[in-house]
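Chemist: Contents of coords38.cif (mmCIF, C-alpha atoms and all ligand atoms) are below:
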```cif
data_upload
#
loop_
_atom_site.label_atom_id
_atom_site.label_comp_id
_atom_site.auth_asym_id
_atom_site.auth_seq_id
_atom_site.Cartn_x
_atom_site.Cartn_y
_atom_site.Cartn_z
CA MET A 1 105.27 107.09 77.50
CA ASP A 2 108.39 108.86 76.21
CA ASN A 3 111.09 106.97 74.33
CA LYS A 4 113.62 107.06 77.13
CA ILE A 5 115.00 103.73 78.25
CA VAL A 6 115.05 103.21 82.00
CA LEU A 7 117.50 100.77 83.54
CA THR A 8 118.04 99.63 87.05
CA GLY A 9 119.78 96.90 89.01
CA ILE A 10 118.52 95.53 92.29
CA LYS A 11 121.19 94.04 94.49
CA PRO A 12 119.98 90.77 96.01
CA THR A 13 120.37 91.47 99.71
CA GLY A 14 117.22 90.00 101.25
CA MET A 15 113.85 91.47 102.17
CA PRO A 16 113.93 95.28 101.95
CA HIS A 17 112.33 97.37 104.68
CA ILE A 18 109.61 99.96 104.26
CA GLY A 19 112.23 102.75 104.05
CA ASN A 20 114.04 100.99 101.18
CA TYR A 21 110.73 100.42 99.43
CA LEU A 22 109.52 104.01 99.64
CA GLY A 23 112.97 105.53 99.03
CA ALA A 24 114.29 103.26 96.31
CA LEU A 25 111.96 100.57 94.99
CA LYS A 26 108.69 102.47 94.59
CA PRO A 27 110.20 105.17 92.33
CA LEU A 28 111.43 102.38 90.00
CA ILE A 29 108.09 100.66 89.95
CA ASP A 30 106.42 103.97 89.14
CA LEU A 31 108.81 104.66 86.24
CA SER A 32 108.16 101.21 84.78
CA GLN A 33 104.50 102.16 84.29
CA ASN A 34 105.32 104.43 81.35
CA HIS A 35 108.84 103.58 80.15
CA LYS A 36 110.58 100.74 78.45
CA THR A 37 112.52 99.36 81.39
CA PHE A 38 115.44 97.02 81.88
CA MET A 39 115.44 95.68 85.38
CA PHE A 40 117.87 93.05 86.56
CA VAL A 41 118.86 91.35 89.75
CA ALA A 42 122.48 92.39 90.21
CA ASP A 43 123.80 89.05 91.45
CA LEU A 44 127.34 89.73 90.16
CA HIS A 45 127.42 92.84 92.29
CA ALA A 46 126.77 90.71 95.38
CA LEU A 47 129.82 88.53 94.69
CA ASN A 48 132.40 90.82 96.25
CA SER A 49 130.82 90.41 99.68
CA VAL A 50 128.67 87.25 99.58
CA HIS A 51 130.73 84.12 99.03
CA ASP A 52 127.91 81.62 99.26
CA ALA A 53 126.04 80.55 96.13
CA LYS A 54 122.91 79.36 97.96
CA THR A 55 122.43 82.73 99.62
CA ILE A 56 122.87 84.65 96.37
CA LYS A 57 120.46 82.35 94.55
CA GLN A 58 117.81 82.60 97.26
CA HIS A 59 118.12 86.39 97.46
CA THR A 60 117.94 86.61 93.68
CA TYR A 61 114.58 84.82 93.70
CA GLU A 62 113.40 87.08 96.50
CA ALA A 63 114.38 90.26 94.65
CA ALA A 64 112.66 89.13 91.44
CA ALA A 65 109.52 87.94 93.26
CA LEU A 66 109.34 91.17 95.18
CA ALA A 67 109.63 93.34 92.07
CA ILE A 68 106.86 91.37 90.37
CA ALA A 69 104.63 91.25 93.45
CA MET A 70 104.98 94.96 94.17
CA GLY A 71 103.72 95.81 90.71
CA VAL A 72 106.57 96.40 88.24
CA ASN A 73 104.84 96.80 84.89
CA MET A 74 105.80 93.53 83.22
CA GLU A 75 104.52 94.64 79.81
CA ASN A 76 107.10 97.39 79.66
CA THR A 77 109.84 95.65 81.59
CA ILE A 78 112.52 93.15 80.69
CA LEU A 79 113.34 91.48 84.00
CA PHE A 80 116.44 89.29 84.12
CA ARG A 81 119.38 88.03 86.11
CA GLN A 82 122.57 90.04 85.50
CA SER A 83 124.83 86.98 85.38
CA ASP A 84 122.74 85.35 82.62
CA ILE A 85 124.05 87.81 80.05
CA ASN A 86 127.54 86.80 78.95
CA GLU A 87 128.03 90.13 77.25
CA ILE A 88 128.25 91.82 80.66
CA TYR A 89 131.56 90.10 81.40
CA GLN A 90 132.86 91.11 77.98
CA LEU A 91 131.88 94.75 78.25
CA THR A 92 133.33 95.00 81.77
CA GLU A 93 136.67 93.78 80.43
CA PHE A 94 136.58 96.20 77.52
CA LEU A 95 135.72 99.16 79.76
CA MET A 96 138.58 98.32 82.14
CA ASN A 97 140.91 99.58 79.43
CA VAL A 98 139.50 103.06 79.19
CA THR A 99 138.83 103.58 82.90
CA PRO A 100 141.49 105.48 84.84
CA LYS A 101 142.51 103.77 88.06
CA GLY A 102 142.23 107.15 89.78
CA LEU A 103 138.49 107.20 89.11
CA MET A 104 138.08 104.02 91.16
CA ASN A 105 140.17 105.55 93.97
CA ARG A 106 137.56 108.31 94.21
CA ALA A 107 134.55 106.00 94.61
CA HIS A 108 132.75 106.86 97.87
CA SER A 109 132.28 103.26 98.93
CA TYR A 110 135.95 102.35 98.38
CA LYS A 111 137.15 105.57 100.01
CA ALA A 112 135.03 104.89 103.08
CA ILE A 113 136.79 101.55 103.59
CA VAL A 114 140.22 103.08 103.09
CA GLU A 115 139.42 105.79 105.63
CA LYS A 116 138.16 103.27 108.14
CA ASN A 117 141.25 101.09 107.73
CA THR A 118 143.56 104.08 108.02
CA MET A 119 141.87 105.19 111.24
CA ALA A 120 142.28 101.68 112.61
CA ASN A 121 145.97 101.76 111.67
CA ILE A 122 145.73 98.77 109.36
CA ASP A 123 146.64 98.41 105.69
CA ALA A 124 144.52 100.87 103.69
CA ASP A 125 143.30 98.14 101.32
CA SER A 126 142.61 95.53 103.95
CA GLY A 127 139.43 93.60 103.10
CA VAL A 128 139.18 95.12 99.61
CA ASN A 129 138.99 92.60 96.78
CA MET A 130 139.15 93.56 93.12
CA GLY A 131 135.42 92.93 92.72
CA LEU A 132 134.74 95.67 95.22
CA TYR A 133 137.39 97.98 93.77
CA THR A 134 136.11 97.62 90.21
CA TYR A 135 132.41 97.54 91.20
CA PRO A 136 131.74 100.84 89.39
CA ILE A 137 133.11 99.44 86.10
CA LEU A 138 130.74 96.48 86.24
CA MET A 139 127.94 98.92 86.98
CA ALA A 140 128.97 101.14 84.06
CA ALA A 141 128.87 98.06 81.84
CA ASP A 142 125.32 97.31 83.08
CA ILE A 143 124.20 100.77 82.19
CA LEU A 144 125.96 101.11 78.84
CA LEU A 145 125.21 97.62 77.54
CA TYR A 146 121.49 98.37 77.15
CA ASN A 147 121.66 101.95 75.81
CA SER A 148 120.02 103.33 78.94
CA ASP A 149 118.90 106.95 79.09
CA ILE A 150 117.64 107.11 82.65
CA VAL A 151 119.05 105.33 85.66
CA PRO A 152 116.89 105.90 88.72
CA VAL A 153 118.96 105.49 91.87
CA GLY A 154 119.09 106.48 95.50
CA LYS A 155 121.55 109.18 96.53
CA ASP A 156 124.07 106.53 97.57
CA GLN A 157 124.36 105.26 93.97
CA LYS A 158 124.44 108.59 92.14
CA GLN A 159 128.23 108.71 91.91
CA HIS A 160 128.28 105.30 90.24
CA VAL A 161 125.98 106.51 87.49
CA GLU A 162 128.13 109.60 87.04
CA PHE A 163 131.12 107.28 86.68
CA ALA A 164 129.25 105.33 83.99
CA ARG A 165 128.72 108.60 82.17
CA ASP A 166 132.42 109.50 82.54
CA ILE A 167 133.51 106.09 81.30
CA ALA A 168 131.16 106.35 78.29
CA GLY A 169 132.73 109.75 77.57
CA TYR A 170 136.31 108.38 77.74
CA PHE A 171 135.31 105.56 75.42
CA ASN A 172 133.52 107.79 72.92
CA ASN A 173 136.48 110.19 72.82
CA LEU A 174 138.75 107.38 71.78
CA TYR A 175 136.48 105.34 69.55
CA GLY A 176 133.60 107.53 68.35
CA GLU A 177 130.02 107.90 69.53
CA ILE A 178 129.26 104.33 70.53
CA PHE A 179 127.60 104.90 73.91
CA LYS A 180 124.70 107.07 74.97
CA LEU A 181 125.48 109.16 78.03
CA PRO A 182 123.15 107.98 80.81
CA GLU A 183 121.57 110.29 83.34
CA PRO A 184 121.11 109.52 87.01
CA VAL A 185 117.62 110.32 88.23
CA ILE A 186 117.09 110.60 91.93
CA GLY A 187 113.52 109.52 92.65
CA GLU A 188 111.12 112.03 94.09
CA ASP A 189 112.43 112.59 97.58
CA CYS A 190 110.16 110.84 100.06
CA GLY A 191 112.30 112.21 102.88
CA ILE A 192 113.65 109.96 105.55
CA ILE A 193 111.24 107.29 106.75
CA PRO A 194 111.57 106.87 110.51
CA GLY A 195 112.07 103.45 112.07
CA LEU A 196 110.50 101.91 115.18
CA ASP A 197 112.68 104.00 117.50
CA GLY A 198 112.15 107.27 115.60
CA ARG A 199 115.64 107.34 114.06
CA LYS A 200 116.05 106.82 110.28
CA MET A 201 114.74 103.36 109.42
CA SER A 202 117.91 101.41 108.69
CA LYS A 203 119.23 97.86 108.85
CA SER A 204 122.13 99.14 110.90
CA TYR A 205 119.81 100.43 113.65
CA GLU A 206 117.71 97.26 113.78
CA ASN A 207 114.59 99.42 113.80
CA THR A 208 113.03 98.30 110.54
CA ILE A 209 109.66 97.04 109.38
CA PRO A 210 110.29 94.45 106.64
CA LEU A 211 108.18 95.26 103.59
CA LEU A 212 106.42 91.92 103.18
CA ALA A 213 106.69 90.49 106.68
CA PRO A 214 104.00 87.96 107.64
CA GLU A 215 100.94 89.66 109.12
CA SER A 216 101.71 88.66 112.73
CA GLU A 217 105.25 90.03 112.50
CA LEU A 218 104.03 93.25 110.90
CA LYS A 219 101.60 93.73 113.78
CA LYS A 220 104.24 92.99 116.41
CA LYS A 221 106.67 95.48 114.88
CA ILE A 222 104.10 98.26 114.59
CA MET A 223 103.01 97.76 118.21
CA ARG A 224 106.67 98.30 119.20
CA ILE A 225 106.89 101.80 117.70
CA ILE A 226 108.22 104.11 120.39
CA THR A 227 105.92 106.99 121.31
CA ASP A 228 105.94 109.76 123.92
CA SER A 229 103.91 109.38 127.10
CA LYS A 230 100.86 111.46 126.20
CA THR A 231 97.58 110.08 127.56
CA PRO A 232 94.83 109.08 125.09
CA ALA A 233 92.89 112.25 125.87
CA GLU A 234 95.73 114.65 125.06
CA PRO A 235 96.13 116.22 121.59
CA LYS A 236 99.22 114.95 119.76
CA ASN A 237 101.52 116.34 117.08
CA PRO A 238 101.22 114.12 113.97
CA ASP A 239 104.38 115.59 112.45
CA GLU A 240 106.43 114.32 115.37
CA SER A 241 104.84 110.89 115.36
CA THR A 242 106.49 107.95 113.64
CA ILE A 243 103.05 106.33 113.39
CA PHE A 244 101.67 109.22 111.36
CA GLN A 245 104.85 109.66 109.29
CA ILE A 246 104.61 106.08 108.06
CA TYR A 247 100.81 106.14 107.63
CA LYS A 248 101.12 109.09 105.23
CA PHE A 249 102.74 106.90 102.59
CA PHE A 250 100.14 104.16 102.57
CA ALA A 251 96.86 106.05 102.87
CA ASN A 252 95.02 108.35 100.46
CA GLU A 253 94.74 112.09 100.95
CA GLN A 254 91.41 112.00 102.72
CA GLU A 255 92.50 109.25 105.11
CA VAL A 256 95.66 111.18 105.91
CA ALA A 257 93.66 114.32 106.65
CA GLU A 258 91.31 112.39 108.94
CA PHE A 259 94.15 110.69 110.79
CA ARG A 260 95.92 114.03 111.22
CA LYS A 261 92.74 115.46 112.78
CA MET A 262 92.48 112.53 115.18
CA PHE A 263 96.00 113.30 116.40
CA LEU A 264 95.33 117.01 116.78
CA ASP A 265 91.92 116.64 118.44
CA GLY A 266 93.06 114.28 121.18
CA GLY A 267 90.98 111.35 122.35
CA MET A 268 92.98 108.74 120.44
CA GLY A 269 95.55 106.69 122.34
CA TYR A 270 98.76 105.55 120.68
CA GLY A 271 97.58 101.93 120.87
CA THR A 272 94.58 102.82 118.71
CA ALA A 273 96.78 104.83 116.33
CA LYS A 274 99.08 101.84 115.92
CA THR A 275 96.16 99.55 115.18
CA ILE A 276 94.94 101.97 112.50
CA LEU A 277 98.45 102.04 110.99
CA PHE A 278 98.71 98.26 111.05
CA GLU A 279 95.34 97.82 109.38
CA LYS A 280 96.21 100.32 106.67
CA ILE A 281 99.62 98.83 105.81
CA ASN A 282 98.23 95.32 106.00
CA SER A 283 95.40 96.13 103.62
CA VAL A 284 97.81 97.68 101.10
CA LEU A 285 100.38 94.88 101.33
CA SER A 286 98.28 91.76 101.75
CA VAL A 287 97.78 91.17 98.01
CA PRO A 288 101.47 91.72 97.07
CA ARG A 289 102.46 89.56 100.05
CA ALA A 290 100.29 86.67 98.87
CA GLU A 291 101.70 87.00 95.34
CA TYR A 292 105.26 87.12 96.69
CA GLU A 293 104.67 84.01 98.76
CA ARG A 294 103.08 82.23 95.80
CA LEU A 295 106.09 83.02 93.60
CA MET A 296 108.55 81.93 96.27
CA PHE A 297 106.76 78.57 96.37
CA ASN A 298 107.04 78.38 92.58
CA THR A 299 110.60 79.39 91.85
CA ASP A 300 110.33 77.57 88.48
CA GLU A 301 107.96 80.32 87.45
CA ILE A 302 110.53 82.96 88.47
CA ASP A 303 113.21 81.07 86.54
CA LYS A 304 111.01 81.13 83.45
CA ILE A 305 110.37 84.86 83.74
CA LEU A 306 114.09 85.56 84.25
CA SER A 307 115.25 83.39 81.38
CA ASN A 308 112.67 84.87 79.06
CA GLY A 309 113.92 88.32 80.13
CA ALA A 310 117.53 87.25 79.54
CA GLU A 311 116.71 86.16 76.00
CA ARG A 312 115.28 89.56 75.21
CA ALA A 313 118.08 91.47 76.96
CA ARG A 314 120.72 89.47 75.09
CA ILE A 315 119.48 90.78 71.75
CA ILE A 316 120.39 94.35 72.71
CA ALA A 317 123.52 93.31 74.60
CA SER A 318 124.97 91.42 71.65
CA GLU A 319 124.42 94.38 69.33
CA THR A 320 126.33 96.63 71.71
CA ILE A 321 129.19 94.17 72.05
CA ALA A 322 129.48 93.81 68.30
CA LYS A 323 129.84 97.59 67.97
CA VAL A 324 132.37 97.81 70.81
CA LYS A 325 134.48 94.94 69.49
CA LYS A 326 134.57 96.44 66.05
CA ALA A 327 135.50 99.86 67.43
CA MET A 328 138.24 98.54 69.69
CA LEU A 329 139.65 95.59 67.78
CA GLY A 330 138.68 96.22 64.21
P1 LIG B 401 119.96 100.66 105.19
O1 LIG B 401 120.18 101.98 105.84
O2 LIG B 401 118.81 99.92 105.79
O3 LIG B 401 121.23 99.82 105.10
P2 LIG B 401 120.47 101.17 102.43
O4 LIG B 401 121.52 102.15 102.77
O5 LIG B 401 120.85 99.83 101.89
O6 LIG B 401 119.53 100.96 103.71
O7 LIG B 401 119.45 101.90 101.44
C1 LIG B 401 119.09 101.45 100.17
C2 LIG B 401 118.18 102.48 99.55
O8 LIG B 401 116.97 102.63 100.32
C3 LIG B 401 118.81 103.87 99.47
O9 LIG B 401 118.85 104.21 98.12
C4 LIG B 401 117.90 104.82 100.20
O10 LIG B 401 117.50 105.84 99.34
C5 LIG B 401 116.67 104.00 100.58
N1 LIG B 401 116.41 104.13 102.03
C6 LIG B 401 116.97 103.40 103.02
N2 LIG B 401 116.49 103.76 104.23
C7 LIG B 401 115.60 104.74 104.01
C8 LIG B 401 114.76 105.54 104.86
N3 LIG B 401 114.72 105.37 106.17
N4 LIG B 401 113.98 106.48 104.28
C9 LIG B 401 113.98 106.66 102.93
N5 LIG B 401 114.74 105.94 102.08
C10 LIG B 401 115.55 104.99 102.59
N1 LIG B 402 124.92 99.09 92.74
C1 LIG B 402 123.48 99.12 92.88
C2 LIG B 402 123.14 98.98 94.40
O1 LIG B 402 124.01 98.64 95.17
C3 LIG B 402 122.82 98.00 92.11
C4 LIG B 402 123.12 98.11 90.65
C5 LIG B 402 123.97 97.32 89.94
C6 LIG B 402 122.62 99.08 89.74
N2 LIG B 402 124.02 97.70 88.66
C7 LIG B 402 123.21 98.78 88.49
C8 LIG B 402 121.71 100.16 89.88
C9 LIG B 402 122.92 99.57 87.36
C10 LIG B 402 121.45 100.92 88.75
C11 LIG B 402 122.05 100.63 87.50
O2 LIG B 402 122.02 99.20 94.77
#
```
How does the structure come out when it is put into structure tokens?

Modeler:
Amino acid sequence: MDNKIVLTGIKPTGMPHIGNYLGALKPLIDLSQNHKTFMFVADLHALNSVHDAKTIKQHTYEAAALAIAMGVNMENTILFRQSDINEIYQLTEFLMNVTPKGLMNRAHSYKAIVEKNTMANIDADSGVNMGLYTYPILMAADILLYNSDIVPVGKDQKQHVEFARDIAGYFNNLYGEIFKLPEPVIGEDCGIIPGLDGRKMSKSYENTIPLLAPESELKKKIMRIITDSKTPAEPKNPDESTIFQIYKFFANEQEVAEFRKMFLDGGMGYGTAKTILFEKINSVLSVPRAEYERLMFNTDEIDKILSNGAERARIIASETIAKVKKAMLG
């Protein structure tokens, strides 16, 4: 364990798929095994697009239950709900005043909307609320409030962490060394996990396998993986097979080597290969799935964990706010 503080926010957007898990969630869970970790459900970040409290609340429970069930190290981790910490609203407001508007104009996610609107010949800012526009400032506040050193993120979020670092720099230049400069860490690249149709697994392609789907759904999805038309007898290329590409991430080295050989040797039909994949994933995920389902039936238990986490997070948050207030207002 080094002394670096890891921080991450999980946006409550419903059950992640296997690609999200391997690409984004698993690296976080791994880091929590040997670092002091702040992990929160970023419910405030959902507000700019989800205008329904019930949905946000339900997805917040799901995100917390999933993190716990998938094995976040709860000894090292303070798990909480972003909106439970009043200091986050305060720090966001303070940071507004040192953040150049031009920085927000350069945010990839905002720029993408502007480009799309411009192409469609409608007002450039159509559909953009201030929550979306200032999203990176809220995220900078998340990161700076808890003195984070390391912020593990997917490639899509890297710019936001760089913004947090820039904003910390602007602040420190004006008011002295109050904030640590956080570093984005892109998790070990697992490559692109293919979906059922062989393209990148993605919600937008509707080709996903939900991480903790009920067993029957998991089986149905895996049986739908698209394959070529090789007969069972023919040798097959594992590196071109979605079945093998997914299997690799759930099995141990020896199992992977054996499965690879079965592809190369021929004699195994795709139906059999899919059954082997299903059984592997199911055996790895059945315990976390049961724990997830148990927690979702006992949301009081999740509430307790989150409020206990909030109490601990608030201690650090209030120290930061005291320093910032003093520096800015005297
Ligand atoms: P989607 O494409 O399903 O909308 P997101 O863009 O919300 O997924 O991705 C969230 C995170 O999950 C990203 O940080 C990305 O690194 C990871 N991720 C998503 N899909 C995959 C995939 N097919 N393979 C590897 N990582 C993925
Ligand atoms: N914006 C991140 C996402 O969309 C979630 C998030 C919010 C976050 N605050 C954060 C991630 C702070 C890392 C650090 O996935």

Chemist: What is the CA of Lys236 in chain A to CA of Leu218 in chain A distance in Å?

Modeler: 23.9 Å

Chemist: All residues within 9 Å of ligand LIG 402 (chain B) are required, counting all atoms listed in the file; please report them as a ChimeraX atom specification.

Modeler: /A:7-12,24,39-46,82,135-136,138-143,151-154,156-158,160-161,184

Chemist: Calculate how many Å separate CA of Asn20 in chain A from CA of Asn117 in chain A, rounding to one decimal.

Modeler: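 Separation between CA of Asn20 in chain A and CA of Asn117 in chain A: 28.0 Å.
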
Chemist: I'd like to know which of A:Ile193, A:Ile137, A:Leu132, A:Ile302 is closest to Val50 in chain A, using only C-alpha atoms.

Modeler: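 Smallest separation from Val50 in chain A among the options: A:Leu132.
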
Chemist: Which of these residues is nearest to ligand LIG 401 (chain B), using all atoms listed in the file: A:Tyr292, A:Phe249, A:Tyr270, A:Tyr146?

Modeler: A:Phe249

Chemist: Can you tell me which residues sit at most 8 Å away from ligand LIG 401 (chain B), counting all atoms listed in the file, written as a VMD selection string?

Modeler: chain A and resid 16 to 25 153 to 157 190 to 195 200 to 205 208

Chemist: With a distance cut-off of 7 Å and all atoms listed in the file, select the neighbouring residues of Tyr110 in chain A, excluding the residue or stretch itself and same-chain residues fewer than 4 positions from it, and output the selection as a list in words.

Modeler: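 Result of the neighbour search: Asn105, Val114 and Tyr133 of chain A.
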
Chemist: If we count only C-alpha atoms and set the cut-off at 12 Å, which residues sit around range 163-174 of chain A, ignoring sequence neighbours fewer than 4 positions away in its own chain? Please answer as a ChimeraX atom specification.

Modeler: /A:91-92,94-108,134-145,147-151,157-159,178-184,323-324,327-328

Chemist: Give as an mmCIF file with C-alpha atoms, in the frame of the given file the set of residues within 7 Å of the point (113.7, 84.5, 99.1), where distances use the file's coordinates and all atoms listed in the file.

Modeler:
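Okay, result_4.cif is ready:
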```cif
data_model
loop_
_atom_site.group_PDB
_atom_site.id
_atom_site.type_symbol
_atom_site.label_atom_id
_atom_site.label_comp_id
_atom_site.auth_asym_id
_atom_site.auth_seq_id
_atom_site.Cartn_x
_atom_site.Cartn_y
_atom_site.Cartn_z
ATOM 1 C CA GLY A 14 117.220 90.000 101.250
ATOM 2 C CA GLN A 58 117.810 82.600 97.260
ATOM 3 C CA HIS A 59 118.120 86.390 97.460
ATOM 4 C CA TYR A 61 114.580 84.820 93.700
ATOM 5 C CA GLU A 62 113.400 87.080 96.500
ATOM 6 C CA MET A 296 108.550 81.930 96.270
#
```

Chemist: Would you mind telling me which residue in A:Asp300, A:Glu319, A:Glu177, A:Glu311 lies nearest to Arg81 in chain A when using all atoms listed in the file?

Modeler: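 Smallest separation from Arg81 in chain A among the options: A:Glu311.
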
Chemist: Skipping near chain neighbours, those fewer than 2 positions away, what residues fall within 12 Å of Ile276 in chain A using all atoms listed in the file, listed as a ChimeraX atom specification?

Modeler: /A:219,222-223,243-244,246-248,250-251,255-256,258-259,262,268-274,278-283

Chemist: Which residue, A:Gly330, A:Pro288, A:Pro232, A:Pro238, has the smallest gap to Gly266 in chain A when you use all atoms listed in the file?

Modeler: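 Of A:Gly330, A:Pro288, A:Pro232, A:Pro238, the one nearest Gly266 in chain A is A:Pro232, counting all atoms listed in the file.
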
Chemist: If you measure from CA of Leu47 in chain A to CA of Gly131 in chain A, what distance in Å do you get, rounded to one decimal?

Modeler: 7.4 Å

Chemist: Please write as a PyMOL selection string the list of polymer residues whose atoms come within 6 Å of (105.1, 89.2, 93.7), counting all atoms listed in the file and keeping to the coordinates of the file.

Modeler: chain A and resi 65-66+68-70+288+291-292

Chemist: Counting only C-alpha atoms, which residue out of A:Ala124, A:Met119, A:Ala257, A:Ala64 sits closest to Asp303 in chain A?

Modeler: A:Ala64
